[in-house]
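Undergrad: File model-v2.cif follows (mmCIF, C-alpha atoms and all ligand atoms):
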data_work
#
loop_
_atom_site.label_atom_id
_atom_site.label_comp_id
_atom_site.auth_asym_id
_atom_site.auth_seq_id
_atom_site.Cartn_x
_atom_site.Cartn_y
_atom_site.Cartn_z
CA MET A 1 18.08 -8.18 16.71
CA ASP A 2 21.34 -10.01 17.12
CA LEU A 3 23.65 -9.24 14.17
CA MET A 4 24.31 -12.89 13.30
CA GLN A 5 20.60 -13.69 13.43
CA GLY A 6 19.93 -10.71 11.17
CA LEU A 7 22.50 -11.90 8.65
CA LEU A 8 20.87 -15.31 8.47
CA THR A 9 17.22 -14.24 8.42
CA ARG A 10 17.19 -11.31 5.95
CA ARG A 11 15.23 -12.33 2.88
CA SER A 12 14.07 -10.52 -0.21
CA VAL A 13 10.52 -9.35 0.46
CA ARG A 14 8.33 -8.36 -2.48
CA LYS A 15 4.84 -8.20 -0.95
CA TYR A 16 3.93 -5.30 1.29
CA HIS A 17 0.96 -3.91 3.16
CA GLU A 18 -0.26 -1.07 1.00
CA ASN A 19 -0.38 2.58 1.97
CA LYS A 20 2.02 2.28 4.91
CA LYS A 21 4.39 5.15 5.56
CA ILE A 22 7.86 4.67 6.97
CA SER A 23 8.88 7.62 9.13
CA HIS A 24 11.71 9.75 7.83
CA HIS A 25 13.51 9.03 11.08
CA GLU A 26 13.59 5.32 10.21
CA ILE A 27 14.47 5.99 6.58
CA LYS A 28 17.40 8.07 7.77
CA GLU A 29 18.44 5.34 10.22
CA MET A 30 18.62 2.89 7.31
CA ILE A 31 20.65 5.32 5.25
CA LYS A 32 22.91 5.97 8.21
CA ALA A 33 23.67 2.24 8.33
CA ALA A 34 24.40 2.31 4.59
CA GLN A 35 26.82 5.18 5.12
CA TYR A 36 28.77 3.09 7.60
CA ALA A 37 29.60 0.51 4.92
CA PRO A 38 33.20 -0.02 3.92
CA SER A 39 34.40 1.66 0.73
CA ALA A 40 37.63 1.46 -1.22
CA HIS A 41 40.06 4.12 0.03
CA ASN A 42 37.18 5.25 2.27
CA THR A 43 35.81 7.42 -0.54
CA GLN A 44 32.16 6.84 0.55
CA PRO A 45 31.00 7.59 -3.00
CA TRP A 46 27.30 7.04 -2.31
CA GLU A 47 24.21 9.21 -2.56
CA PHE A 48 20.64 8.20 -1.75
CA LEU A 49 17.38 9.26 -3.35
CA VAL A 50 14.25 8.44 -1.34
CA VAL A 51 11.16 7.85 -3.49
CA GLU A 52 7.76 7.82 -1.76
CA ASP A 53 5.35 9.35 -4.22
CA LYS A 54 2.81 6.72 -5.40
CA GLU A 55 3.11 7.70 -9.04
CA ASP A 56 6.89 7.52 -8.91
CA LEU A 57 6.78 4.13 -7.16
CA ALA A 58 4.46 2.83 -9.87
CA LYS A 59 6.88 4.09 -12.52
CA PHE A 60 9.46 1.45 -11.54
CA ARG A 61 7.37 -1.06 -13.50
CA VAL A 62 8.56 0.77 -16.61
CA LEU A 63 12.04 1.79 -15.45
CA GLN A 64 13.10 -1.71 -14.39
CA ARG A 65 10.45 -4.36 -15.01
CA ALA A 66 11.64 -6.70 -12.27
CA SER A 67 11.04 -4.03 -9.63
CA LEU A 68 7.34 -3.59 -10.49
CA PHE A 69 6.28 -4.55 -6.95
CA ALA A 70 7.61 -1.14 -5.85
CA GLU A 71 4.10 0.11 -6.67
CA ASN A 72 2.85 -1.36 -3.38
CA ALA A 73 5.90 -0.46 -1.31
CA SER A 74 6.27 2.33 1.21
CA ALA A 75 9.46 3.62 -0.33
CA VAL A 76 12.29 2.98 -2.70
CA ILE A 77 15.75 4.07 -1.74
CA LEU A 78 17.80 4.50 -4.83
CA VAL A 79 21.42 3.84 -3.94
CA CYS A 80 23.57 5.89 -6.28
CA VAL A 81 27.29 6.20 -6.80
CA ASP A 82 29.20 9.38 -7.50
CA GLU A 83 31.55 8.64 -10.38
CA ASN A 84 33.72 11.59 -9.40
CA LYS A 85 34.29 10.30 -5.88
CA ALA A 86 34.74 6.56 -6.27
CA TYR A 87 38.29 5.28 -6.35
CA LYS A 88 39.34 4.27 -9.86
CA ARG A 89 42.36 3.61 -12.01
CA GLU A 90 41.30 5.00 -15.35
CA LYS A 91 44.46 3.87 -17.19
CA GLU A 92 43.90 0.31 -16.03
CA GLY A 93 40.17 0.52 -16.77
CA TRP A 94 38.76 -0.35 -13.38
CA GLY A 95 37.07 1.32 -10.47
CA TYR A 96 35.42 0.43 -7.19
CA ALA A 97 32.16 2.39 -7.54
CA ASP A 98 29.91 -0.66 -7.96
CA ILE A 99 31.58 -2.57 -5.18
CA ASP A 100 31.13 0.35 -2.79
CA GLY A 101 27.52 0.64 -3.98
CA SER A 102 27.02 -3.05 -3.17
CA ALA A 103 28.39 -2.65 0.33
CA ALA A 104 26.08 0.30 0.99
CA THR A 105 23.12 -1.61 -0.45
CA MET A 106 23.75 -4.58 1.82
CA ASN A 107 23.95 -2.39 4.91
CA LEU A 108 20.70 -0.74 3.87
CA LEU A 109 18.97 -4.11 3.48
CA TYR A 110 20.16 -5.30 6.87
CA ALA A 111 19.11 -2.06 8.55
CA ALA A 112 15.63 -2.35 7.01
CA HIS A 113 15.45 -5.92 8.34
CA ALA A 114 16.67 -4.85 11.78
CA LEU A 115 13.95 -2.19 11.92
CA GLY A 116 11.32 -4.79 11.07
CA TYR A 117 10.76 -3.97 7.39
CA GLY A 118 10.89 -6.17 4.35
CA ALA A 119 13.10 -5.07 1.48
CA CYS A 120 14.40 -6.24 -1.85
CA TRP A 121 17.49 -5.26 -3.80
CA CYS A 122 16.48 -4.71 -7.41
CA GLY A 123 19.26 -4.35 -9.90
CA CYS A 124 19.95 -1.15 -11.80
CA SER A 125 23.66 -0.89 -12.69
CA PRO A 126 25.15 -2.34 -14.80
CA MET A 127 22.01 -2.58 -16.96
CA THR A 128 22.41 0.24 -19.46
CA LYS A 129 18.77 1.08 -20.14
CA PRO A 130 17.52 1.09 -16.53
CA VAL A 131 20.51 3.25 -15.58
CA GLU A 132 19.71 5.75 -18.33
CA ASP A 133 15.96 5.73 -17.72
CA VAL A 134 16.19 6.01 -13.92
CA LYS A 135 18.75 8.76 -14.25
CA ALA A 136 16.55 10.75 -16.64
CA TYR A 137 13.27 10.20 -14.76
CA PHE A 138 14.66 11.26 -11.39
CA LYS A 139 16.81 14.03 -12.90
CA LEU A 140 20.10 12.78 -11.46
CA PRO A 141 23.19 14.89 -12.12
CA GLU A 142 25.64 13.70 -14.77
CA ASN A 143 28.18 12.25 -12.31
CA ILE A 144 25.57 10.35 -10.28
CA ARG A 145 24.78 6.82 -11.43
CA PRO A 146 21.82 4.88 -10.01
CA PHE A 147 23.27 1.65 -8.67
CA SER A 148 20.50 -0.28 -6.92
CA ILE A 149 16.77 0.08 -6.41
CA VAL A 150 16.00 -0.92 -2.82
CA VAL A 151 12.28 -1.49 -2.38
CA ILE A 152 11.03 -1.31 1.20
CA GLY A 153 7.74 -1.88 2.99
CA GLU A 154 5.93 -3.74 5.73
CA ALA A 155 6.05 -7.39 4.77
CA GLU A 156 2.71 -8.96 3.96
CA GLY A 157 2.41 -12.66 4.75
CA GLU A 158 5.01 -15.08 5.92
CA VAL A 159 8.63 -14.46 4.92
CA LYS A 160 9.89 -17.89 3.95
CA GLN A 161 13.35 -19.00 4.98
CA PRO A 162 15.38 -21.61 3.12
CA GLU A 163 16.04 -24.81 5.09
CA THR A 164 19.71 -24.02 4.85
CA ARG A 165 22.16 -22.34 2.53
CA TYR A 166 25.19 -23.42 4.37
CA ASP A 167 27.36 -25.51 2.07
CA GLU A 168 30.58 -26.84 3.45
CA THR A 169 31.71 -28.03 0.01
CA LYS A 170 32.25 -24.37 -0.92
CA ILE A 171 34.74 -23.83 1.86
CA HIS A 172 38.40 -24.32 1.08
CA PHE A 173 41.20 -24.12 3.60
CA GLY A 174 44.81 -23.59 2.69
CA LYS A 175 45.17 -24.45 -1.01
CA TRP A 176 42.12 -25.35 -3.14
CA ASP A 177 42.73 -29.12 -3.34
C1 LIG B 201 22.44 -7.48 -7.93
C2 LIG B 201 21.08 -8.00 -7.56
C3 LIG B 201 20.00 -7.69 -8.36
C4 LIG B 201 18.72 -8.14 -8.02
N1 LIG B 201 17.66 -7.74 -8.79
C5 LIG B 201 16.41 -8.13 -8.45
C6 LIG B 201 15.29 -7.65 -9.19
O1 LIG B 201 15.43 -6.88 -10.12
N2 LIG B 201 14.07 -8.05 -8.80
C7 LIG B 201 13.87 -8.89 -7.74
O2 LIG B 201 12.72 -9.22 -7.45
N3 LIG B 201 14.91 -9.35 -7.01
C8 LIG B 201 16.18 -8.99 -7.32
N4 LIG B 201 17.25 -9.39 -6.56
C9 LIG B 201 17.04 -10.23 -5.37
C10 LIG B 201 17.43 -11.70 -5.59
O3 LIG B 201 16.51 -12.32 -6.43
C11 LIG B 201 17.51 -12.40 -4.19
O4 LIG B 201 18.49 -11.79 -3.41
C12 LIG B 201 17.81 -13.88 -4.33
O5 LIG B 201 16.74 -14.57 -4.95
C13 LIG B 201 18.06 -14.55 -2.98
O6 LIG B 201 16.98 -14.38 -2.10
P1 LIG B 201 17.14 -13.67 -0.68
O7 LIG B 201 17.53 -12.24 -0.91
O8 LIG B 201 15.79 -13.80 -0.05
O9 LIG B 201 18.19 -14.38 0.09
C14 LIG B 201 18.53 -8.96 -6.87
C15 LIG B 201 19.63 -9.27 -6.06
C16 LIG B 201 20.88 -8.78 -6.38
C17 LIG B 201 22.05 -9.08 -5.46
#
For the structure just supplied, provide its representation as structure tokens.
TA:
Amino acid sequence: MDLMQGLLTRRSVRKYHENKKISHHEIKEMIKAAQYAPSAHNTQPWEFLVVEDKEDLAKFRVLQRASLFAENASAVILVCVDENKAYKREKEGWGYADIDGSAATMNLLYAAHALGYGACWCGCSPMTKPVEDVKAYFKLPENIRPFSIVVIGEAEGEVKQPETRYDETKIHFGKWD
């Protein structure tokens, strides 16, 4: 798939053919793409937990309600950030962990699309309870924070595309007005 075409045609997919396995080779290809994302100071502070067990997939209904459709997915890849690795300025109260997590999540979504799968980014951070619950359920180490819940499967039915999202009024050249 042409990169530009991929960028324009990726959509959130929430309906999947049930009981389909994705090979670990393809899962690793997706994660490889995620690991090629940019990160602040090139810290690459990501970790990935692959969830395939049916019972665990069904548990997302409780862990983060809006990701309940994970129960019919082939896998969830939990994109996590390592708080000890991400670039931060503690004195100034900011850090890049979530931004790096976003970049990795986007690469993962595009790689899933390129390999012919449907996927959906479901939020985890910065929602306090899902972060705590996901962390406890999957026994993540203290320094590892679950950032996004990427649900992946074989799309069932037509994946609808918007007529357009291109909006020239949001483009500003030079100074704003
Ligand atoms: C940070 C973030 C959190 C999201 N959380 C959820 C979610 O919990 N459940 C869900 O079904 N979709 C979730 N989405 C997907 C959005 O609803 C989706 O990207 C948006 O409707 C645009 O559709 P598209 O991805 O097909 O372009 C999330 C997207 C982002 C970026």
Undergrad: Using CA of Ile99 (chain A) and CA of His41 (chain A) as the two end points, give the distance in Å to one decimal.
TA: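 CA of His41 (chain A) lies 12.0 Å from CA of Ile99 (chain A).
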Undergrad: Which residue is closest to Glu47 (chain A)? Choose from A:Arg145, A:His17, A:Arg10, A:Lys59 and count only C-alpha atoms.
TA: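 When distances to Glu47 (chain A) are compared using only C-alpha atoms, the smallest one comes from A:Arg145.
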Undergrad: Can you tell me which residues surround Ala103 (chain A) at a distance of at most 8 Å, considering all atoms listed in the file, apart from same-chain residues fewer than 2 positions away, and format the answer as a ChimeraX atom specification?
TA: /A:34,37-39,99-101,105-107
Undergrad: Counting all atoms listed in the file, I want the residues whose atoms come within 12 Å of (33.7, 11.8, -9.3) in the file frame, returned as a ChimeraX atom specification.
TA: /A:43-47,81-88,90,95-97,141-145
Undergrad: Report as JSON lines: every residue of chain A with an atom at most 6 Å from ligand LIG 201 (chain B), its closest pair of atoms, and their distance in Å to one decimal, counting all atoms listed in the file, with rows sorted by chain and ascending residue number.
TA:
{"residue": "A:Arg11", "atom": "CA", "partner": "B:LIG201", "partner_atom": "O8", "distance": 3.3}
{"residue": "A:Ser12", "atom": "CA", "partner": "B:LIG201", "partner_atom": "O8", "distance": 3.7}
{"residue": "A:Ala66", "atom": "CA", "partner": "B:LIG201", "partner_atom": "O1", "distance": 4.4}
{"residue": "A:Ser67", "atom": "CA", "partner": "B:LIG201", "partner_atom": "N2", "distance": 5.1}
{"residue": "A:Cys120", "atom": "CA", "partner": "B:LIG201", "partner_atom": "C9", "distance": 5.9}
{"residue": "A:Trp121", "atom": "CA", "partner": "B:LIG201", "partner_atom": "C14", "distance": 4.9}
{"residue": "A:Cys122", "atom": "CA", "partner": "B:LIG201", "partner_atom": "N1", "distance": 3.5}
{"residue": "A:Gly123", "atom": "CA", "partner": "B:LIG201", "partner_atom": "C3", "distance": 3.8}
Undergrad: Identify the residues around (10.9, 8.0, -2.2) within a radius of 10 Å, measuring from only C-alpha atoms in the coordinates stated by the file, and give them as JSON, numbers by chain.
TA: {"A": [27, 48, 49, 50, 51, 52, 53, 54, 56, 57, 73, 74, 75, 76, 77, 78, 151, 152]}
Undergrad: Would you mind telling me which residue in A:Met127, A:Val13, A:Leu140, A:Leu7 lies nearest to Lys160 (chain A) when using all atoms listed in the file?
TA: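 Answer, going by the shortest atom-to-atom distance: A:Val13.
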Undergrad: One decimal, in Å: what's the spacing between CA of Glu18 (chain A) and CA of Tyr117 (chain A)?
TA: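 The value is 13.1 Å.
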Undergrad: Using all atoms listed in the file, can you tell me which of A:Glu154, A:Val159, A:Val131, A:Glu92 comes closest to Phe60 (chain A)?
TA: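 Distance minimum relative to Phe60 (chain A) lands on A:Val131.
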Undergrad: Please list as a ChimeraX atom specification every residue within 9 Å of Met30 (chain A), counting all atoms listed in the file and excluding residues in the same chain fewer than 2 positions away.
TA: /A:25-28,32-35,107-112,115
Undergrad: What is the distance, in Å and to one decimal place, between CA of Lys20 (chain A) and CA of Ala155 (chain A)?
TA: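 If I compute the distance from CA of Lys20 (chain A) to CA of Ala155 (chain A), I get 10.5 Å.
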Undergrad: Identify which of the residues A:Met1, A:Tyr16, A:Trp94, A:Leu8 lies closest to Tyr166 (chain A), counting only C-alpha atoms when measuring atom-to-atom distances.
TA: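 Among A:Met1, A:Tyr16, A:Trp94, A:Leu8, it is A:Leu8 that comes nearest to Tyr166 (chain A).
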Undergrad: Which residue gives the smallest distance to Lys21 (chain A) among A:Asn72, A:Asn42, A:Gln64, A:Gln161, with all atoms listed in the file counted?
TA: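 Going through A:Asn72, A:Asn42, A:Gln64, A:Gln161 one by one, the smallest distance to Lys21 (chain A) is for A:Asn72.
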Undergrad: A:Ile31, A:Cys124, A:Ala114, A:Ala40: which is nearest Arg65 (chain A), counting all atoms listed in the file?
TA: A:Cys124
Undergrad: N, CA and C atoms are needed for region 77-100 of chain A; please write them out as an mmCIF file, in the coordinates of the input.
TA:
data_model
loop_
_atom_site.group_PDB
_atom_site.id
_atom_site.type_symbol
_atom_site.label_atom_id
_atom_site.label_comp_id
_atom_site.auth_asym_id
_atom_site.auth_seq_id
_atom_site.Cartn_x
_atom_site.Cartn_y
_atom_site.Cartn_z
ATOM 1 N N ILE A 77 14.532 3.268 -1.912
ATOM 2 C CA ILE A 77 15.750 4.070 -1.740
ATOM 3 C C ILE A 77 16.674 3.694 -2.878
ATOM 4 N N LEU A 78 16.923 4.691 -3.692
ATOM 5 C CA LEU A 78 17.800 4.500 -4.830
ATOM 6 C C LEU A 78 19.230 4.736 -4.328
ATOM 7 N N VAL A 79 20.018 3.678 -4.344
ATOM 8 C CA VAL A 79 21.420 3.840 -3.940
ATOM 9 C C VAL A 79 22.199 4.229 -5.190
ATOM 10 N N CYS A 80 22.842 5.380 -5.119
ATOM 11 C CA CYS A 80 23.570 5.890 -6.280
ATOM 12 C C CYS A 80 25.050 5.996 -5.967
ATOM 13 N N VAL A 81 25.861 6.000 -7.003
ATOM 14 C CA VAL A 81 27.290 6.200 -6.800
ATOM 15 C C VAL A 81 27.747 7.461 -7.546
ATOM 16 N N ASP A 82 28.647 8.153 -6.913
ATOM 17 C CA ASP A 82 29.200 9.380 -7.500
ATOM 18 C C ASP A 82 30.494 9.014 -8.228
ATOM 19 N N GLU A 83 30.401 9.064 -9.554
ATOM 20 C CA GLU A 83 31.550 8.640 -10.380
ATOM 21 C C GLU A 83 32.789 9.498 -10.112
ATOM 22 N N ASN A 84 32.579 10.707 -9.655
ATOM 23 C CA ASN A 84 33.720 11.590 -9.400
ATOM 24 C C ASN A 84 34.407 11.282 -8.076
ATOM 25 N N LYS A 85 33.722 10.560 -7.204
ATOM 26 C CA LYS A 85 34.290 10.300 -5.880
ATOM 27 C C LYS A 85 34.870 8.903 -5.730
ATOM 28 N N ALA A 86 34.303 7.952 -6.449
ATOM 29 C CA ALA A 86 34.740 6.560 -6.270
ATOM 30 C C ALA A 86 36.189 6.382 -6.704
ATOM 31 N N TYR A 87 36.879 5.526 -6.000
ATOM 32 C CA TYR A 87 38.290 5.280 -6.350
ATOM 33 C C TYR A 87 38.351 4.510 -7.668
ATOM 34 N N LYS A 88 39.193 4.982 -8.590
ATOM 35 C CA LYS A 88 39.340 4.270 -9.860
ATOM 36 C C LYS A 88 40.743 4.444 -10.421
ATOM 37 N N ARG A 89 41.113 3.505 -11.253
ATOM 38 C CA ARG A 89 42.360 3.610 -12.010
ATOM 39 C C ARG A 89 41.964 3.658 -13.486
ATOM 40 N N GLU A 90 41.829 4.864 -13.992
ATOM 41 C CA GLU A 90 41.300 5.000 -15.350
ATOM 42 C C GLU A 90 42.190 4.315 -16.386
ATOM 43 N N LYS A 91 43.536 4.462 -16.207
ATOM 44 C CA LYS A 91 44.460 3.870 -17.190
ATOM 45 C C LYS A 91 44.308 2.364 -17.252
ATOM 46 N N GLU A 92 44.044 1.767 -16.083
ATOM 47 C CA GLU A 92 43.900 0.310 -16.030
ATOM 48 C C GLU A 92 42.462 -0.134 -16.305
ATOM 49 N N GLY A 93 41.551 0.829 -16.384
ATOM 50 C CA GLY A 93 40.170 0.520 -16.770
ATOM 51 C C GLY A 93 39.322 -0.112 -15.677
ATOM 52 N N TRP A 94 39.639 0.176 -14.435
ATOM 53 C CA TRP A 94 38.760 -0.350 -13.380
ATOM 54 C C TRP A 94 38.511 0.672 -12.301
ATOM 55 N N GLY A 95 37.435 0.426 -11.572
ATOM 56 C CA GLY A 95 37.070 1.320 -10.470
ATOM 57 C C GLY A 95 36.222 0.561 -9.461
ATOM 58 N N TYR A 96 36.109 1.125 -8.282
ATOM 59 C CA TYR A 96 35.420 0.430 -7.190
ATOM 60 C C TYR A 96 33.986 0.901 -6.946
ATOM 61 N N ALA A 97 33.470 1.787 -7.806
ATOM 62 C CA ALA A 97 32.160 2.390 -7.540
ATOM 63 C C ALA A 97 31.073 1.338 -7.255
ATOM 64 N N ASP A 98 30.999 0.315 -8.105
ATOM 65 C CA ASP A 98 29.910 -0.660 -7.960
ATOM 66 C C ASP A 98 30.089 -1.516 -6.705
ATOM 67 N N ILE A 99 31.324 -1.752 -6.366
ATOM 68 C CA ILE A 99 31.580 -2.570 -5.180
ATOM 69 C C ILE A 99 31.191 -1.785 -3.926
ATOM 70 N N ASP A 100 31.530 -0.509 -3.911
ATOM 71 C CA ASP A 100 31.130 0.350 -2.790
ATOM 72 C C ASP A 100 29.598 0.462 -2.744
#
